[in-house]
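Chemist: mmCIF, C-alpha atoms and all ligand atoms, file start_30.cif:
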```cif
data_entry
loop_
_atom_site.group_PDB
_atom_site.id
_atom_site.type_symbol
_atom_site.label_atom_id
_atom_site.label_comp_id
_atom_site.auth_asym_id
_atom_site.auth_seq_id
_atom_site.Cartn_x
_atom_site.Cartn_y
_atom_site.Cartn_z
ATOM 1 C CA MET S 1 -3.198 104.957 25.494
ATOM 2 C CA SER S 2 -0.394 102.512 25.756
ATOM 3 C CA ILE S 3 -0.547 101.840 29.529
ATOM 4 C CA GLN S 4 -4.176 100.763 29.216
ATOM 5 C CA SER S 5 -3.477 98.504 26.251
ATOM 6 C CA ILE S 6 -0.581 96.941 28.177
ATOM 7 C CA ILE S 7 -2.865 96.270 31.145
ATOM 8 C CA GLN S 8 -5.466 94.731 28.815
ATOM 9 C CA ALA S 9 -2.841 92.553 27.121
ATOM 10 C CA ILE S 10 -1.512 91.299 30.455
ATOM 11 C CA LYS S 11 -5.044 90.457 31.536
ATOM 12 C CA SER S 12 -5.920 88.620 28.367
ATOM 13 C CA TYR S 13 -2.824 86.462 27.753
ATOM 14 C CA LYS S 14 -2.254 83.179 29.582
ATOM 15 C CA THR S 15 1.453 82.954 28.877
ATOM 16 C CA ILE S 16 3.651 86.006 29.366
ATOM 17 C CA ILE S 17 7.384 86.008 28.688
ATOM 18 C CA ILE S 18 9.441 88.940 29.918
ATOM 19 C CA HIS S 19 12.783 89.919 28.420
ATOM 20 C CA ARG S 20 15.287 92.716 29.156
ATOM 21 C CA HIS S 21 18.576 93.960 27.729
ATOM 22 C CA VAL S 22 21.857 92.087 27.481
ATOM 23 C CA ARG S 23 24.477 92.821 30.165
ATOM 24 C CA PRO S 24 21.691 93.555 32.643
ATOM 25 C CA ASP S 25 21.751 96.064 35.489
ATOM 26 C CA PRO S 26 19.461 96.261 38.540
ATOM 27 C CA ASP S 27 16.856 98.243 36.580
ATOM 28 C CA ALA S 28 16.745 95.678 33.793
ATOM 29 C CA VAL S 29 16.336 92.686 36.111
ATOM 30 C CA GLY S 30 14.282 94.640 38.655
ATOM 31 C CA SER S 31 11.713 95.746 36.080
ATOM 32 C CA GLN S 32 11.627 92.340 34.414
ATOM 33 C CA ALA S 33 11.325 90.324 37.620
ATOM 34 C CA GLY S 34 9.225 92.946 39.403
ATOM 35 C CA LEU S 35 6.668 92.819 36.599
ATOM 36 C CA LYS S 36 6.662 89.027 36.705
ATOM 37 C CA GLU S 37 6.074 89.119 40.441
ATOM 38 C CA ILE S 38 3.165 91.566 40.052
ATOM 39 C CA ILE S 39 1.527 89.404 37.375
ATOM 40 C CA ARG S 40 2.135 86.166 39.275
ATOM 41 C CA GLN S 41 0.595 87.518 42.483
ATOM 42 C CA SER S 42 -2.297 89.184 40.712
ATOM 43 C CA PHE S 43 -3.109 86.333 38.310
ATOM 44 C CA PRO S 44 -1.834 83.029 39.778
ATOM 45 C CA GLU S 45 -3.382 81.078 36.881
ATOM 46 C CA LYS S 46 -1.071 82.701 34.305
ATOM 47 C CA SER S 47 2.343 81.327 33.339
ATOM 48 C CA VAL S 48 5.004 84.044 33.512
ATOM 49 C CA TYR S 49 8.649 83.537 32.569
ATOM 50 C CA LEU S 50 11.875 85.533 32.767
ATOM 51 C CA VAL S 51 14.204 85.150 29.824
ATOM 52 C CA GLY S 52 17.851 86.052 29.329
ATOM 53 C CA GLU S 53 21.242 84.946 30.514
ATOM 54 C CA ASP S 54 21.700 84.680 34.267
ATOM 55 C CA ASP S 55 24.114 87.252 35.646
ATOM 56 C CA PRO S 56 25.750 85.984 38.851
ATOM 57 C CA ALA S 57 26.094 89.578 40.125
ATOM 58 C CA LEU S 58 22.314 90.036 39.966
ATOM 59 C CA GLU S 59 21.142 86.695 41.287
ATOM 60 C CA PHE S 60 20.325 88.389 44.587
ATOM 61 C CA LEU S 61 17.443 89.899 42.632
ATOM 62 C CA ALA S 62 16.143 87.040 40.502
ATOM 63 C CA SER S 63 17.078 83.973 38.488
ATOM 64 C CA MET S 64 16.007 83.478 34.903
ATOM 65 C CA ASP S 65 13.725 80.686 33.697
ATOM 66 C CA GLU S 66 14.563 78.184 30.983
ATOM 67 C CA ILE S 67 11.843 77.770 28.409
ATOM 68 C CA ASP S 68 11.372 75.930 25.115
ATOM 69 C CA ASP S 69 10.753 77.723 21.848
ATOM 70 C CA ASN S 70 7.195 76.434 21.744
ATOM 71 C CA THR S 71 6.373 78.258 24.979
ATOM 72 C CA TYR S 72 6.278 81.358 22.777
ATOM 73 C CA GLU S 73 3.291 80.041 20.863
ATOM 74 C CA ASN S 74 0.360 82.418 21.495
ATOM 75 C CA ALA S 75 2.412 84.169 24.187
ATOM 76 C CA LEU S 76 2.632 87.817 25.103
ATOM 77 C CA VAL S 77 6.247 89.019 25.091
ATOM 78 C CA ILE S 78 7.291 92.101 27.050
ATOM 79 C CA ALA S 79 10.750 93.657 26.684
ATOM 80 C CA CYS S 80 11.783 95.882 29.586
ATOM 81 C CA ASP S 81 14.441 98.612 29.702
ATOM 82 C CA THR S 82 15.743 97.909 26.189
ATOM 83 C CA ALA S 83 16.026 100.753 23.666
ATOM 84 C CA ASN S 84 16.754 98.690 20.570
ATOM 85 C CA ALA S 85 15.630 95.227 19.580
ATOM 86 C CA ALA S 86 19.188 94.076 18.861
ATOM 87 C CA ARG S 87 19.994 94.478 22.569
ATOM 88 C CA ILE S 88 17.128 92.294 23.786
ATOM 89 C CA ASP S 89 18.617 89.348 25.643
ATOM 90 C CA ASP S 90 17.436 86.219 23.857
ATOM 91 C CA GLN S 91 16.331 87.012 20.337
ATOM 92 C CA ARG S 92 13.448 84.533 20.603
ATOM 93 C CA TYR S 93 11.342 87.541 21.656
ATOM 94 C CA LYS S 94 10.244 87.486 17.989
ATOM 95 C CA LEU S 95 8.477 84.144 18.430
ATOM 96 C CA GLY S 96 5.603 85.479 20.533
ATOM 97 C CA GLU S 97 2.182 86.561 19.310
ATOM 98 C CA LYS S 98 2.355 90.129 20.578
ATOM 99 C CA LEU S 99 5.345 92.254 21.597
ATOM 100 C CA ILE S 100 5.305 95.121 24.106
ATOM 101 C CA LYS S 101 8.142 97.531 24.733
ATOM 102 C CA ILE S 102 8.415 99.268 28.122
ATOM 103 C CA ASP S 103 11.410 101.581 28.325
ATOM 104 C CA HIS S 104 12.784 104.930 29.469
ATOM 105 C CA HIS S 105 15.726 105.298 27.058
ATOM 106 C CA PRO S 106 15.541 107.770 24.178
ATOM 107 C CA GLU S 107 13.495 106.185 21.408
ATOM 108 C CA VAL S 108 16.000 104.950 18.825
ATOM 109 C CA ASP S 109 14.283 101.792 17.628
ATOM 110 C CA PRO S 110 10.489 101.764 17.729
ATOM 111 C CA TYR S 111 9.995 97.994 17.948
ATOM 112 C CA GLY S 112 6.945 96.189 19.280
ATOM 113 C CA ASP S 113 3.196 96.104 18.664
ATOM 114 C CA VAL S 114 2.674 98.323 21.688
ATOM 115 C CA MET S 115 5.326 100.783 22.826
ATOM 116 C CA TRP S 116 5.406 102.655 26.082
ATOM 117 C CA VAL S 117 8.475 104.847 26.196
ATOM 118 C CA ASP S 118 8.802 107.489 28.895
ATOM 119 C CA THR S 119 12.146 109.276 28.781
ATOM 120 C CA SER S 120 11.138 111.358 31.790
ATOM 121 C CA ALA S 121 11.089 108.248 33.968
ATOM 122 C CA SER S 122 14.171 107.701 36.112
ATOM 123 C CA SER S 123 14.044 104.004 35.442
ATOM 124 C CA THR S 124 11.939 101.300 33.880
ATOM 125 C CA CYS S 125 11.153 100.191 37.428
ATOM 126 C CA GLU S 126 9.551 103.578 38.048
ATOM 127 C CA MET S 127 7.350 102.857 35.007
ATOM 128 C CA ILE S 128 6.464 99.406 36.325
ATOM 129 C CA TYR S 129 5.205 101.057 39.497
ATOM 130 C CA ASP S 130 3.264 103.551 37.337
ATOM 131 C CA LEU S 131 1.746 100.577 35.563
ATOM 132 C CA TYR S 132 0.726 99.052 38.886
ATOM 133 C CA GLN S 133 -0.885 102.328 39.996
ATOM 134 C CA HIS S 134 -2.928 102.429 36.789
ATOM 135 C CA ALA S 135 -3.876 98.769 37.146
ATOM 136 C CA LYS S 136 -4.696 98.643 40.855
ATOM 137 C CA ASN S 137 -8.402 98.764 40.133
ATOM 138 C CA ASP S 138 -7.996 95.870 37.696
ATOM 139 C CA GLY S 139 -6.789 93.650 40.527
ATOM 140 C CA PHE S 140 -3.040 94.138 40.172
ATOM 141 C CA ILE S 141 -1.129 93.523 43.396
ATOM 142 C CA VAL S 142 2.375 94.499 44.499
ATOM 143 C CA SER S 143 3.890 91.973 46.911
ATOM 144 C CA ASP S 144 6.835 92.624 49.222
ATOM 145 C CA GLU S 145 9.078 90.847 46.734
ATOM 146 C CA ALA S 146 7.785 92.932 43.824
ATOM 147 C CA ALA S 147 8.418 96.071 45.881
ATOM 148 C CA ARG S 148 11.982 94.926 46.613
ATOM 149 C CA LEU S 149 12.704 94.339 42.926
ATOM 150 C CA ILE S 150 11.192 97.615 41.757
ATOM 151 C CA TYR S 151 12.917 99.583 44.482
ATOM 152 C CA ALA S 152 16.256 98.004 43.507
ATOM 153 C CA GLY S 153 15.922 99.209 39.921
ATOM 154 C CA ILE S 154 14.983 102.740 40.946
ATOM 155 C CA VAL S 155 17.935 102.918 43.322
ATOM 156 C CA GLY S 156 20.272 101.473 40.701
ATOM 157 C CA ASP S 157 19.309 103.735 37.816
ATOM 158 C CA THR S 158 19.177 106.926 39.903
ATOM 159 C CA GLY S 159 22.512 106.284 41.617
ATOM 160 C CA ARG S 160 20.696 106.226 44.957
ATOM 161 C CA PHE S 161 18.441 109.179 44.028
ATOM 162 C CA LEU S 162 21.420 111.288 43.019
ATOM 163 C CA PHE S 163 21.084 111.637 39.238
ATOM 164 C CA PRO S 164 19.026 114.498 37.731
ATOM 165 C CA SER S 165 16.531 111.947 36.404
ATOM 166 C CA THR S 166 15.306 111.596 39.991
ATOM 167 C CA SER S 167 11.951 113.378 40.138
ATOM 168 C CA LYS S 168 9.211 114.069 42.625
ATOM 169 C CA LYS S 169 7.456 111.000 41.268
ATOM 170 C CA THR S 170 10.574 108.885 41.852
ATOM 171 C CA PHE S 171 10.542 109.847 45.523
ATOM 172 C CA GLN S 172 6.788 109.324 45.772
ATOM 173 C CA HIS S 173 7.130 105.811 44.394
ATOM 174 C CA ALA S 174 10.118 105.135 46.661
ATOM 175 C CA ALA S 175 8.173 106.406 49.674
ATOM 176 C CA GLU S 176 5.413 103.901 48.933
ATOM 177 C CA LEU S 177 7.813 101.077 48.137
ATOM 178 C CA VAL S 178 9.674 101.317 51.454
ATOM 179 C CA THR S 179 6.408 100.653 53.293
ATOM 180 C CA TYR S 180 6.585 97.056 52.018
ATOM 181 C CA ASP S 181 8.436 94.476 54.036
ATOM 182 C CA PHE S 182 11.896 93.876 52.583
ATOM 183 C CA ASP S 183 15.400 94.241 53.895
ATOM 184 C CA ARG S 184 16.877 97.436 52.487
ATOM 185 C CA PRO S 185 20.427 97.131 53.921
ATOM 186 C CA SER S 186 20.932 93.699 52.393
ATOM 187 C CA LEU S 187 19.500 94.931 49.100
ATOM 188 C CA TYR S 188 22.041 97.778 49.093
ATOM 189 C CA ASP S 189 24.812 95.272 49.836
ATOM 190 C CA GLY S 190 23.684 93.281 46.823
ATOM 191 C CA ILE S 191 23.839 96.326 44.563
ATOM 192 C CA TYR S 192 26.939 98.064 45.903
ATOM 193 C CA ASP S 193 29.299 95.548 47.500
ATOM 194 C CA ILE S 194 32.422 95.216 45.397
ATOM 195 C CA LYS S 195 35.093 92.559 45.422
ATOM 196 C CA GLU S 196 38.590 93.364 46.604
ATOM 197 C CA ASN S 197 40.100 93.160 43.098
ATOM 198 C CA ILE S 198 37.528 95.667 41.789
ATOM 199 C CA ALA S 199 38.364 98.016 44.657
ATOM 200 C CA LYS S 200 42.067 97.783 43.774
ATOM 201 C CA LEU S 201 41.386 98.518 40.117
ATOM 202 C CA GLN S 202 39.283 101.513 41.157
ATOM 203 C CA GLY S 203 42.347 102.643 43.075
ATOM 204 C CA TYR S 204 44.466 102.262 39.947
ATOM 205 C CA ILE S 205 42.033 104.390 37.937
ATOM 206 C CA LEU S 206 41.916 107.098 40.601
ATOM 207 C CA GLU S 207 45.715 107.175 40.689
ATOM 208 C CA GLN S 208 46.251 107.217 36.908
ATOM 209 C CA PHE S 209 43.495 109.411 35.484
ATOM 210 C CA GLU S 210 44.158 112.835 34.014
ATOM 211 C CA LEU S 211 41.756 115.677 33.316
ATOM 212 C CA SER S 212 41.876 117.637 30.050
ATOM 213 C CA ASP S 213 41.636 121.435 29.974
ATOM 214 C CA PHE S 214 37.972 121.038 29.023
ATOM 215 C CA GLY S 215 37.090 118.567 31.761
ATOM 216 C CA LEU S 216 37.387 115.227 29.987
ATOM 217 C CA SER S 217 39.000 112.183 31.489
ATOM 218 C CA SER S 218 39.744 108.974 29.623
ATOM 219 C CA VAL S 219 41.063 105.717 30.974
ATOM 220 C CA LYS S 220 42.329 102.806 28.900
ATOM 221 C CA LEU S 221 42.126 99.397 30.509
ATOM 222 C CA THR S 222 44.088 96.854 28.508
ATOM 223 C CA LYS S 223 43.290 93.180 28.573
ATOM 224 C CA GLU S 224 46.606 92.571 30.295
ATOM 225 C CA LEU S 225 45.759 95.004 33.079
ATOM 226 C CA LEU S 226 42.312 93.454 33.550
ATOM 227 C CA ASP S 227 43.799 89.961 33.607
ATOM 228 C CA ASN S 228 46.372 91.034 36.178
ATOM 229 C CA HIS S 229 43.590 92.256 38.424
ATOM 230 C CA GLY S 230 41.407 89.231 37.695
ATOM 231 C CA VAL S 231 38.613 91.496 36.506
ATOM 232 C CA SER S 232 36.333 90.397 33.656
ATOM 233 C CA PRO S 233 35.054 92.909 31.077
ATOM 234 C CA ASN S 234 31.520 92.424 32.441
ATOM 235 C CA GLU S 235 32.642 93.557 35.878
ATOM 236 C CA THR S 236 33.998 96.857 34.554
ATOM 237 C CA GLY S 237 30.537 98.393 34.965
ATOM 238 C CA GLN S 238 31.491 98.692 38.613
ATOM 239 C CA LEU S 239 34.436 100.933 37.707
ATOM 240 C CA VAL S 240 32.745 103.544 35.597
ATOM 241 C CA GLY S 241 31.273 105.679 38.372
ATOM 242 C CA VAL S 242 34.552 106.098 40.170
ATOM 243 C CA LEU S 243 35.563 109.401 38.537
ATOM 244 C CA GLY S 244 32.170 111.059 38.844
ATOM 245 C CA ASN S 245 33.005 113.190 41.863
ATOM 246 C CA VAL S 246 36.280 114.655 40.603
ATOM 247 C CA GLU S 247 35.963 118.424 40.746
ATOM 248 C CA GLY S 248 35.800 120.002 37.280
ATOM 249 C CA ILE S 249 35.052 116.756 35.410
ATOM 250 C CA LYS S 250 32.463 117.152 32.655
ATOM 251 C CA ALA S 251 32.656 113.800 30.917
ATOM 252 C CA TRP S 252 34.660 110.647 31.202
ATOM 253 C CA VAL S 253 35.200 107.459 29.288
ATOM 254 C CA LEU S 254 36.557 104.018 30.052
ATOM 255 C CA PHE S 255 37.964 101.864 27.258
ATOM 256 C CA ILE S 256 37.927 98.190 28.066
ATOM 257 C CA GLU S 257 39.879 95.845 25.834
ATOM 258 C CA GLU S 258 38.168 92.514 25.216
ATOM 259 C CA GLU S 259 39.070 89.598 22.918
ATOM 260 C CA ASP S 260 38.179 91.314 19.622
ATOM 261 C CA ILE S 261 36.540 94.605 20.583
ATOM 262 C CA ILE S 262 37.181 97.586 22.808
ATOM 263 C CA ARG S 263 34.151 98.347 24.904
ATOM 264 C CA VAL S 264 33.506 102.045 25.516
ATOM 265 C CA ARG S 265 31.722 103.208 28.658
ATOM 266 C CA LEU S 266 30.793 106.896 28.559
ATOM 267 C CA ARG S 267 29.532 109.130 31.338
ATOM 268 C CA SER S 268 28.803 112.846 31.506
ATOM 269 C CA LYS S 269 27.820 115.569 33.915
ATOM 270 C CA GLY S 270 27.785 118.142 31.121
ATOM 271 C CA PRO S 271 27.450 117.581 27.372
ATOM 272 C CA ALA S 272 25.114 114.921 26.007
ATOM 273 C CA ILE S 273 27.263 111.995 24.911
ATOM 274 C CA ASN S 274 24.745 109.536 23.445
ATOM 275 C CA GLU S 275 25.194 110.888 19.917
ATOM 276 C CA ILE S 276 28.925 110.341 20.162
ATOM 277 C CA ALA S 277 28.162 106.823 21.391
ATOM 278 C CA ALA S 278 25.868 106.321 18.385
ATOM 279 C CA LYS S 279 28.689 107.358 16.064
ATOM 280 C CA TYR S 280 30.753 104.479 17.476
ATOM 281 C CA ASN S 281 28.267 101.589 17.266
ATOM 282 C CA GLY S 282 26.499 102.392 20.508
ATOM 283 C CA GLY S 283 23.912 104.514 22.223
ATOM 284 C CA GLY S 284 22.143 105.094 25.501
ATOM 285 C CA HIS S 285 21.175 107.977 27.722
ATOM 286 C CA PRO S 286 22.433 111.553 27.239
ATOM 287 C CA MET S 287 24.525 111.232 30.414
ATOM 288 C CA ALA S 288 25.363 107.511 30.318
ATOM 289 C CA SER S 289 26.085 105.574 27.154
ATOM 290 C CA GLY S 290 28.017 102.659 25.779
ATOM 291 C CA ALA S 291 29.775 102.029 22.480
ATOM 292 C CA THR S 292 32.119 99.623 20.738
ATOM 293 C CA VAL S 293 35.320 100.273 18.795
ATOM 294 C CA TYR S 294 37.876 97.910 17.340
ATOM 295 C CA THR S 295 41.286 99.578 17.565
ATOM 296 C CA TRP S 296 43.174 101.830 19.959
ATOM 297 C CA GLU S 297 43.429 104.408 17.115
ATOM 298 C CA GLU S 298 39.640 104.625 17.165
ATOM 299 C CA THR S 299 39.632 105.247 20.908
ATOM 300 C CA ASP S 300 41.668 108.403 20.244
ATOM 301 C CA LYS S 301 38.950 109.591 17.856
ATOM 302 C CA VAL S 302 36.352 109.037 20.545
ATOM 303 C CA ILE S 303 38.489 111.084 22.938
ATOM 304 C CA ILE S 304 38.772 113.938 20.426
ATOM 305 C CA ASP S 305 34.988 113.981 19.898
ATOM 306 C CA LEU S 306 34.312 113.957 23.615
ATOM 307 C CA ASP S 307 36.845 116.648 24.381
ATOM 308 C CA GLU S 308 35.270 118.794 21.661
ATOM 309 C CA ALA S 309 31.850 118.256 23.243
ATOM 310 C CA CYS S 310 33.254 119.290 26.626
ATOM 311 C CA ARG S 311 34.894 122.363 25.078
ATOM 312 C CA ASN S 312 31.591 123.459 23.504
ATOM 313 C CA TYR S 313 29.579 122.783 26.614
ATOM 314 C CA GLU S 314 28.546 125.854 28.565
ATOM 315 C CA ALA S 315 27.788 124.967 32.134
HETATM 316 MN MN MN E 1 17.075 101.534 33.008
#
```
Rewrite the structure of this file - the entire thing - as structure tokens.
Ligand SMILES: [Mn+2]
Modeler:
Amino acid sequence: MSIQSIIQAIKSYKTIIIHRHVRPDPDAVGSQAGLKEIIRQSFPEKSVYLVGEDDPALEFLASMDEIDDNTYENALVIACDTANAARIDDQRYKLGEKLIKIDHHPEVDPYGDVMWVDTSASSTCEMIYDLYQHAKNDGFIVSDEAARLIYAGIVGDTGRFLFPSTSKKTFQHAAELVTYDFDRPSLYDGIYDIKENIAKLQGYILEQFELSDFGLSSVKLTKELLDNHGVSPNETGQLVGVLGNVEGIKAWVLFIEEEDIIRVRLRSKGPAINEIAAKYNGGGHPMASGATVYTWEETDKVIIDLDEACRNYEA
């Protein structure tokens, strides 16, 4: 089975390079860096690297390594939390000898020599802890730092154990992880503290949003508005959850105008929205997806599709 072949591959390779998706979140960096930490502690003689662009908002978790192309020679490459190969941060993942995919998103792009995809997992970090449990007898060790990283990803992807993806196993892993020595309050600050300008833009969204008869809300954030608030498109991930607790909301969407695209951030508490995301150059989870459109006319089409999905959704 794939977990065993992943354990064997980790044991047999001397150089291991770990990637994750572009525009990372705590689960992406947590699984990537948590796995590195496990391997480093368990097998100090191996060289393990983290690849991808550094995200200042996630540096409280881990910093990336800079490596030459030739480091990939004879290396094992592992991509964490990334559904499709095009979204792997740093396309040099192709240069390795063997490629492993570890992910919990719906399988849209079966890349890699070994694939371990578990859509029932709350997070890739939950899977990394699964991996550790299977590999304990092979000498795999979880350090306090590994526990901190894995816990961060589970918390991030479950919305603090709130989302339906949170299972008995999620809590069991969390219960074990909190027995390690790391500072939970400061970890939460790292994940959830927001800057003043983000808070003000959240206020704008809460003041301006409207709800359709079928429970859809859409918010358009123009480049001008973002500039006025000093908020970069990358920071808009911190805005998307803000409507989630509005009574009667079934789905919601944020349109974020960038230089030459309009980024679409979709969320749902009702109808699956990942197929609508796929229709507009995107994808993701049934309840949380992303897409890309190019004109404001197209955003209206997205709204029509989403409203239709809300209308057809029987709670
Ligand atoms: Mn994830």
Chemist: Got a sec to check which residues sit within 9 Å of (-1.2, 101.7, 24.4), counting all atoms listed in the file, and write them as JSON, numbers by chain?
Modeler: {"S": [1, 2, 3, 4, 5, 6, 7, 114, 115, 116]}
Chemist: Kindly resolve the PyMOL selection byres (((chain S and resi 132) around 9) and not hetatm) on the present coordinates and return the residues as a ChimeraX atom specification.
Modeler: /S:7,35,38,127-131,133-136,140-142
Chemist: Mind checking which residues fall within 12 Å of region 282-289 of chain S, counting all atoms listed in the file, ignoring those fewer than 2 positions away in the same chain, and posting them as a ChimeraX atom specification?
Modeler: /S:21,81-84,86-87,103-109,119-123,157-159,163-165,237,240-241,244,250-254,262-280,291-293,302
Chemist: Could you tell me which residues the PyMOL selection byres (((chain S and resi 256-260) around 6) and not hetatm) grabs in this file, written as a ChimeraX atom specification?
Modeler: /S:221-223,255,261-263
Chemist: Would you kindly translate the PyMOL selection byres (((chain S and resi 75) around 12) and not hetatm) into the concrete residues it picks from this file, as number ranges by chain?
Modeler: S: 9-10, 12-18, 46-49, 69-74, 76-78, 92-100
Chemist: Find, counting all atoms listed in the file, the residue in S:Gly30, S:Gly112, S:Gly215, S:Pro185 that gets nearest to Tyr313 (chain S).
Modeler: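 Going through S:Gly30, S:Gly112, S:Gly215, S:Pro185 one by one, the smallest distance to Tyr313 (chain S) is for S:Gly215.
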Chemist: I want to know what sits within 9 Å of region 204-213 of chain S, based on all atoms listed in the file, with residues of the same chain fewer than 5 positions away left out; could you give that as a list in words?
Modeler: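 The contact residues come out as Ala199, Ser218, Val219, Leu221, Leu239, Val242, Leu243, Gly248, Ile249, Trp252, Asp307 and Arg311 of chain S.
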Chemist: Put a box with edges along x, y and z around all the listed atoms of region 285-303 of chain S, pad it by 4 Å on each side, then give me its centre and sizes in Å, one decimal, as AutoDock Vina command-line options.
Modeler:
```
--center_x 32.3 --center_y 104.7 --center_z 23.8 --size_x 30.3 --size_y 21.6 --size_z 21.3
```
Chemist: In Å, rounded to a single decimal, give me how far CA of Gly52 (chain S) is from atom MN of ligand MN 1 (chain E).
Modeler: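 According to the coordinates, atom MN of ligand MN 1 (chain E) and CA of Gly52 (chain S) are separated by 15.9 Å.
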Chemist: When distances are computed from all atoms listed in the file, which of S:Glu59, S:Pro110, S:Ile303, S:Val117 shows the smallest separation from ligand MN 1 (chain E)?
Modeler: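 Smallest separation from ligand MN 1 (chain E) among the options: S:Val117.
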Chemist: What is the CA of Phe182 (chain S) to CA of Glu145 (chain S) distance in Å?
Modeler: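 Pair CA of Phe182 (chain S) / CA of Glu145 (chain S) returns 7.2 Å.
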Chemist: Work out how far apart CA of Pro24 (chain S) and CA of Asn228 (chain S) are and give it in Å to one decimal.
Modeler: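 Interatomic distance, CA of Pro24 (chain S) to CA of Asn228 (chain S): 25.1 Å.
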Chemist: Contacts of Ser31 (chain S) at 10 Å or less, counting only C-alpha atoms, minus same-chain residues fewer than 4 places along, as a ChimeraX atom specification?
Modeler: /S:18-20,26-27,35-37,79-81,102-103,123-129,146,149-154
Chemist: Restore N, CA and C atoms in region 67-86 of chain S and list the result as a JSON list (two decimals), in the coordinates of the input.
Modeler:
```json
[["chain", "number", "residue", "atom", "x", "y", "z"],
["S", 67, "ILE", "N", 13.08, 78.17, 29.10],
["S", 67, "ILE", "CA", 11.84, 77.77, 28.41],
["S", 67, "ILE", "C", 12.14, 77.30, 26.99],
["S", 68, "ASP", "N", 11.26, 76.42, 26.49],
["S", 68, "ASP", "CA", 11.37, 75.93, 25.12],
["S", 68, "ASP", "C", 10.83, 76.97, 24.14],
["S", 69, "ASP", "N", 11.25, 76.82, 22.88],
["S", 69, "ASP", "CA", 10.75, 77.72, 21.85],
["S", 69, "ASP", "C", 9.22, 77.70, 21.75],
["S", 70, "ASN", "N", 8.65, 76.52, 21.95],
["S", 70, "ASN", "CA", 7.20, 76.43, 21.74],
["S", 70, "ASN", "C", 6.39, 77.10, 22.85],
["S", 71, "THR", "N", 7.06, 77.48, 23.94],
["S", 71, "THR", "CA", 6.37, 78.26, 24.98],
["S", 71, "THR", "C", 5.90, 79.60, 24.41],
["S", 72, "TYR", "N", 6.61, 80.05, 23.36],
["S", 72, "TYR", "CA", 6.28, 81.36, 22.78],
["S", 72, "TYR", "C", 4.99, 81.35, 21.96],
["S", 73, "GLU", "N", 4.51, 80.14, 21.66],
["S", 73, "GLU", "CA", 3.29, 80.04, 20.86],
["S", 73, "GLU", "C", 2.14, 80.73, 21.59],
["S", 74, "ASN", "N", 1.50, 81.67, 20.93],
["S", 74, "ASN", "CA", 0.36, 82.42, 21.50],
["S", 74, "ASN", "C", 0.72, 83.23, 22.74],
["S", 75, "ALA", "N", 2.00, 83.47, 22.96],
["S", 75, "ALA", "CA", 2.41, 84.17, 24.19],
["S", 75, "ALA", "C", 2.51, 85.67, 23.97],
["S", 76, "LEU", "N", 2.35, 86.38, 25.07],
["S", 76, "LEU", "CA", 2.63, 87.82, 25.10],
["S", 76, "LEU", "C", 4.09, 87.99, 25.52],
["S", 77, "VAL", "N", 4.84, 88.77, 24.75],
["S", 77, "VAL", "CA", 6.25, 89.02, 25.09],
["S", 77, "VAL", "C", 6.39, 90.49, 25.47],
["S", 78, "ILE", "N", 7.05, 90.73, 26.60],
["S", 78, "ILE", "CA", 7.29, 92.10, 27.05],
["S", 78, "ILE", "C", 8.80, 92.30, 27.19],
["S", 79, "ALA", "N", 9.32, 93.34, 26.55],
["S", 79, "ALA", "CA", 10.75, 93.66, 26.68],
["S", 79, "ALA", "C", 10.88, 94.91, 27.55],
["S", 80, "CYS", "N", 11.62, 94.77, 28.64],
["S", 80, "CYS", "CA", 11.78, 95.88, 29.59],
["S", 80, "CYS", "C", 13.15, 96.54, 29.44],
["S", 81, "ASP", "N", 13.19, 97.86, 29.53],
["S", 81, "ASP", "CA", 14.44, 98.61, 29.70],
["S", 81, "ASP", "C", 15.39, 98.45, 28.51],
["S", 82, "THR", "N", 14.88, 98.18, 27.34],
["S", 82, "THR", "CA", 15.74, 97.91, 26.19],
["S", 82, "THR", "C", 15.38, 98.82, 25.02],
["S", 83, "ALA", "N", 16.31, 99.73, 24.68],
["S", 83, "ALA", "CA", 16.03, 100.75, 23.67],
["S", 83, "ALA", "C", 15.92, 100.17, 22.26],
["S", 84, "ASN", "N", 16.79, 99.23, 21.93],
["S", 84, "ASN", "CA", 16.75, 98.69, 20.57],
["S", 84, "ASN", "C", 16.69, 97.17, 20.58],
["S", 85, "ALA", "N", 15.94, 96.66, 19.62],
["S", 85, "ALA", "CA", 15.63, 95.23, 19.58],
["S", 85, "ALA", "C", 16.88, 94.35, 19.56],
["S", 86, "ALA", "N", 17.95, 94.87, 18.95],
["S", 86, "ALA", "CA", 19.19, 94.08, 18.86],
["S", 86, "ALA", "C", 19.77, 93.80, 20.25]]
```
